[in-house]
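Step one of this worksheet: look at the structure below.
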Amino acid sequence: MTFEAHIINVIRLRLGPFTGIDERLSQLVGTRRSIAGLLNRSFYQQPPYYKANPRSVVGTNAEVRIPSYTRQFDYELEWGVFIGKQGTDIPAEGAHEHIAGYTIFNDFSARDIQVREMGGRLGPAKGKDFDTGNAIGPWLVTADEIANAYNLTATARVNGEEWSRGNTGDTSYPFEELIAYMSRSETLYPGDFIGSGTISGPQGKGCGLELGRFLQPGDMVELEVEQIGVLRNSVVA
């Protein structure tokens with residue numbers, strides 16, 4: 001969850017009538033000193049992340065099944081990297097040497113369940129872990145093919161309508177910093193995948209939760225990242 005705007009937008013969903021006040025406060029004193037920023041202090045101390053089930057991964061053009069227990073099914077506009085070189089305690093300045101390439105990631109989510117689980121300061125669990133819940137593709141673009149990985153436009157479309165737009169450069173934690181943090185006393189192996197978290201920023205909001213819109217059976221979700229391609233998945237009951 002490396003994009004500051006995503007977590008700030010989600011926190012503000014809970015501020016109710018104070019949301020507008022906090023947005024104005026952020027313009028005056030900066031996001032970190034806003035109400036949402038103060039409620040999110042830990043974000044600025046280390047990158048937040050979690051691990052997911054690799055057996056739930058599907059590719060482009062695959063059907064994604066809505067879990068039976070959710071009423072708020074959502075997409076996330078993300079991109080990610082595959083590790084190509086084994087390493088432990090990898091320094092951030094050398095982490096780019098461990099990136100084999102880039103791809104697109106749709107971290108489908110059961111939002112009502114996720115919110116309930118994370119209210120206990122743990123999780124997500126079933127809010128994220130279910131069959132077909134992680135779509136990755138359509139290509140692995142090797143790192144040498146993208147001159148500036150942190151200036152790529154990313155968009156999400158549902159049934160042809162653009163819902164989300166962002167830029168990979170709006171992240172607070174680039175992949176090199178994530179790799180350095182995750183590899184502390186832990187080995188990263190070739191084939192390991194790291195997703196960016198929801199791409200939100202000045203250009204738009206990167207998931208339905210932030211927009212107050214959710215997916216329905218029959219929807220076609222397309223994520224596009226410049227120089228990588230289009231990840232396309234249909235949603236079924």
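We label chains A, B, ... in the order they appear in the structure tokens, count residues from 1 in each chain, and number ligands from 1 in the order shown.
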
| Among region 12-231 of chain A, which residues carry a DSSP assignment of strand (DSSP E), reported as a PyMOL selection string? | chain A and resi 57-58+63-65+73-74+77-83+99-107+109-110+134-142+153-158+161-167+193-195+220-225+229-231

| query | Could you pull out the helix (DSSP H, G or I) residues of region 84-199 of chain A from DSSP and send them as a count of residues only? | reply | 29

Per residue of region 134-157 of chain A within 6 Å of region 164-178 of chain A, record the nearest atom pair and its distance in Å to one decimal, counting only C-alpha atoms, with rows in chain order and ascending residue number, as a Markdown table.
| residue | atom | partner | partner_atom | distance |
| --- | --- | --- | --- | --- |
| A:Tyr150 | CA | A:Gly169 | CA | 4.2 |
| A:Asn151 | CA | A:Gly169 | CA | 5.1 |
| A:Leu152 | CA | A:Thr168 | CA | 5.4 |
| A:Thr153 | CA | A:Asn167 | CA | 4.6 |
| A:Ala154 | CA | A:Gly166 | CA | 5.2 |
| A:Thr155 | CA | A:Arg165 | CA | 4.3 |
| A:Ala156 | CA | A:Ser164 | CA | 4.9 |

Selection from above, C-alpha atoms, as a compact mmCIF listing (two decimals), in the first residue's frame, can you write it?
# COMPACT_ATOMS: atom_id res chain seq x y z
CA TYR A 150 8.12 6.03 -12.37
CA ASN A 151 6.38 8.11 -15.00
CA LEU A 152 3.80 5.73 -16.47
CA THR A 153 0.11 6.57 -16.84
CA ALA A 154 -2.24 3.95 -15.40
CA THR A 155 -6.00 3.74 -15.98
CA ALA A 156 -8.89 1.49 -14.98

| query | Which of these residues is nearest to Trp79 (chain A), using only C-alpha atoms: A:Pro138, A:Pro48, A:Gly204, A:Gly127? | reply | A:Pro138

| query | Which polymer residues have any atom within 10 Å of an atom of region 221-231 of chain A, counting only C-alpha atoms, with same-chain residues fewer than 6 positions away left out, as number ranges by chain? | reply | A: 59-62, 64, 75-79, 102-106, 135-142, 145-146, 149, 151-168, 215

| From the list A:Phe82, A:Phe193, A:Phe3, A:Phe130, which residue is nearest Pro67 (chain A) when using only C-alpha atoms? | A:Phe130

| request: Show which residues sit within 12 Å of Arg12 (chain A), as a list in words. Count only C-alpha atoms, and ignore same-chain residues fewer than 4 positions away. | output: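 Contacts, with the query itself left out: Ala5, His6, Ile7, Ile8, Gly16, Pro17, Phe18, Thr19, Gly20, Ile21, Asp22, Glu23, Ser26, Thr31, Ser34, Ile35, Ala36, Gly37, Leu38, Leu39, Asn40, Leu209, Glu210 and Leu211 of chain A.
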
Produce a file of the selected residues containing N, CA and C atoms, as a PDB file, in the first residue's frame.
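Generated output (result-v4.pdb):
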ATOM      1  N   ALA A   5      -2.019   8.776  -1.324  1.00  0.00           N
ATOM      2  CA  ALA A   5      -3.370   9.279  -1.585  1.00  0.00           C
ATOM      3  C   ALA A   5      -4.431   8.207  -1.372  1.00  0.00           C
ATOM      4  N   HIS A   6      -4.099   6.939  -1.666  1.00  0.00           N
ATOM      5  CA  HIS A   6      -5.089   5.868  -1.502  1.00  0.00           C
ATOM      6  C   HIS A   6      -5.495   5.711  -0.041  1.00  0.00           C
ATOM      7  N   ILE A   7      -4.538   5.588   0.858  1.00  0.00           N
ATOM      8  CA  ILE A   7      -4.881   5.367   2.259  1.00  0.00           C
ATOM      9  C   ILE A   7      -5.504   6.619   2.867  1.00  0.00           C
ATOM     10  N   ILE A   8      -5.064   7.809   2.444  1.00  0.00           N
ATOM     11  CA  ILE A   8      -5.675   9.055   2.944  1.00  0.00           C
ATOM     12  C   ILE A   8      -7.129   9.131   2.506  1.00  0.00           C
ATOM     13  N   GLY A  16     -16.616  11.442   7.666  1.00  0.00           N
ATOM     14  CA  GLY A  16     -17.968  11.980   7.495  1.00  0.00           C
ATOM     15  C   GLY A  16     -17.959  13.450   7.145  1.00  0.00           C
ATOM     16  N   PRO A  17     -18.678  14.273   7.920  1.00  0.00           N
ATOM     17  CA  PRO A  17     -18.790  15.702   7.613  1.00  0.00           C
ATOM     18  C   PRO A  17     -17.474  16.473   7.738  1.00  0.00           C
ATOM     19  N   PHE A  18     -16.458  15.842   8.329  1.00  0.00           N
ATOM     20  CA  PHE A  18     -15.169  16.516   8.498  1.00  0.00           C
ATOM     21  C   PHE A  18     -14.241  16.301   7.304  1.00  0.00           C
ATOM     22  N   THR A  19     -14.687  15.527   6.307  1.00  0.00           N
ATOM     23  CA  THR A  19     -13.845  15.234   5.148  1.00  0.00           C
ATOM     24  C   THR A  19     -13.420  16.504   4.426  1.00  0.00           C
ATOM     25  N   GLY A  20     -14.390  17.375   4.119  1.00  0.00           N
ATOM     26  CA  GLY A  20     -14.077  18.618   3.416  1.00  0.00           C
ATOM     27  C   GLY A  20     -13.147  19.509   4.216  1.00  0.00           C
ATOM     28  N   ILE A  21     -13.369  19.561   5.519  1.00  0.00           N
ATOM     29  CA  ILE A  21     -12.503  20.362   6.391  1.00  0.00           C
ATOM     30  C   ILE A  21     -11.082  19.836   6.346  1.00  0.00           C
ATOM     31  N   ASP A  22     -10.944  18.502   6.375  1.00  0.00           N
ATOM     32  CA  ASP A  22      -9.609  17.911   6.377  1.00  0.00           C
ATOM     33  C   ASP A  22      -8.905  18.125   5.044  1.00  0.00           C
ATOM     34  N   GLU A  23      -9.651  18.105   3.954  1.00  0.00           N
ATOM     35  CA  GLU A  23      -9.046  18.365   2.644  1.00  0.00           C
ATOM     36  C   GLU A  23      -8.507  19.790   2.574  1.00  0.00           C
ATOM     37  N   SER A  26      -5.405  20.019   4.723  1.00  0.00           N
ATOM     38  CA  SER A  26      -4.258  19.441   4.042  1.00  0.00           C
ATOM     39  C   SER A  26      -3.605  20.438   3.095  1.00  0.00           C
ATOM     40  N   THR A  31      -0.427  17.169   3.906  1.00  0.00           N
ATOM     41  CA  THR A  31      -1.197  15.954   4.197  1.00  0.00           C
ATOM     42  C   THR A  31      -0.783  15.298   5.494  1.00  0.00           C
ATOM     43  N   SER A  34      -2.547  16.780   8.415  1.00  0.00           N
ATOM     44  CA  SER A  34      -4.006  16.795   8.395  1.00  0.00           C
ATOM     45  C   SER A  34      -4.529  15.750   9.380  1.00  0.00           C
ATOM     46  N   ILE A  35      -5.853  15.730   9.575  1.00  0.00           N
ATOM     47  CA  ILE A  35      -6.440  14.737  10.481  1.00  0.00           C
ATOM     48  C   ILE A  35      -6.149  13.333   9.972  1.00  0.00           C
ATOM     49  N   ALA A  36      -6.387  13.097   8.672  1.00  0.00           N
ATOM     50  CA  ALA A  36      -6.141  11.773   8.097  1.00  0.00           C
ATOM     51  C   ALA A  36      -4.672  11.393   8.182  1.00  0.00           C
ATOM     52  N   GLY A  37      -3.805  12.371   7.965  1.00  0.00           N
ATOM     53  CA  GLY A  37      -2.380  12.106   8.048  1.00  0.00           C
ATOM     54  C   GLY A  37      -1.939  11.719   9.444  1.00  0.00           C
ATOM     55  N   LEU A  38      -2.488  12.404  10.454  1.00  0.00           N
ATOM     56  CA  LEU A  38      -2.140  12.094  11.841  1.00  0.00           C
ATOM     57  C   LEU A  38      -2.683  10.733  12.259  1.00  0.00           C
ATOM     58  N   LEU A  39      -3.824  10.349  11.685  1.00  0.00           N
ATOM     59  CA  LEU A  39      -4.374   9.025  11.976  1.00  0.00           C
ATOM     60  C   LEU A  39      -3.601   7.922  11.255  1.00  0.00           C
ATOM     61  N   ASN A  40      -2.702   8.319  10.372  1.00  0.00           N
ATOM     62  CA  ASN A  40      -1.981   7.367   9.521  1.00  0.00           C
ATOM     63  C   ASN A  40      -0.473   7.505   9.707  1.00  0.00           C
ATOM     64  N   LEU A 209     -13.689   1.545  -3.963  1.00  0.00           N
ATOM     65  CA  LEU A 209     -13.940   1.977  -2.584  1.00  0.00           C
ATOM     66  C   LEU A 209     -13.804   3.479  -2.447  1.00  0.00           C
ATOM     67  N   GLU A 210     -12.753   4.035  -3.045  1.00  0.00           N
ATOM     68  CA  GLU A 210     -12.537   5.479  -2.958  1.00  0.00           C
ATOM     69  C   GLU A 210     -13.617   6.256  -3.704  1.00  0.00           C
ATOM     70  N   LEU A 211     -14.207   5.621  -4.717  1.00  0.00           N
ATOM     71  CA  LEU A 211     -15.212   6.282  -5.551  1.00  0.00           C
ATOM     72  C   LEU A 211     -16.640   6.027  -5.063  1.00  0.00           C
TER      73      LEU A 211
END

| said: Would you compute the distance between CA of Val115 (chain A) and CA of Gly208 (chain A)? Give it in Å to one decimal. | reply: 13.9 Å

| Can you tell me, as a VMD selection string, what residues are no more than 7 Å from Asp89 (chain A) when counting only C-alpha atoms, ignoring any on the same chain fewer than 5 positions away? | chain A and resid 180 183 to 185

| Selection: 7 Å around Asn134 (chain A), only C-alpha atoms, excl. self and same-chain fewer than 5 positions, as a list in words |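 Answer for this query is Ser56, Val57, Val58, Asn106, Asp107 and Phe108 of chain A.
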
| said: As an exercise, work out the distance from CA of Ile66 (chain A) to CA of Ile113 (chain A) in Å and give it to one decimal place. | reply: 12.6 Å
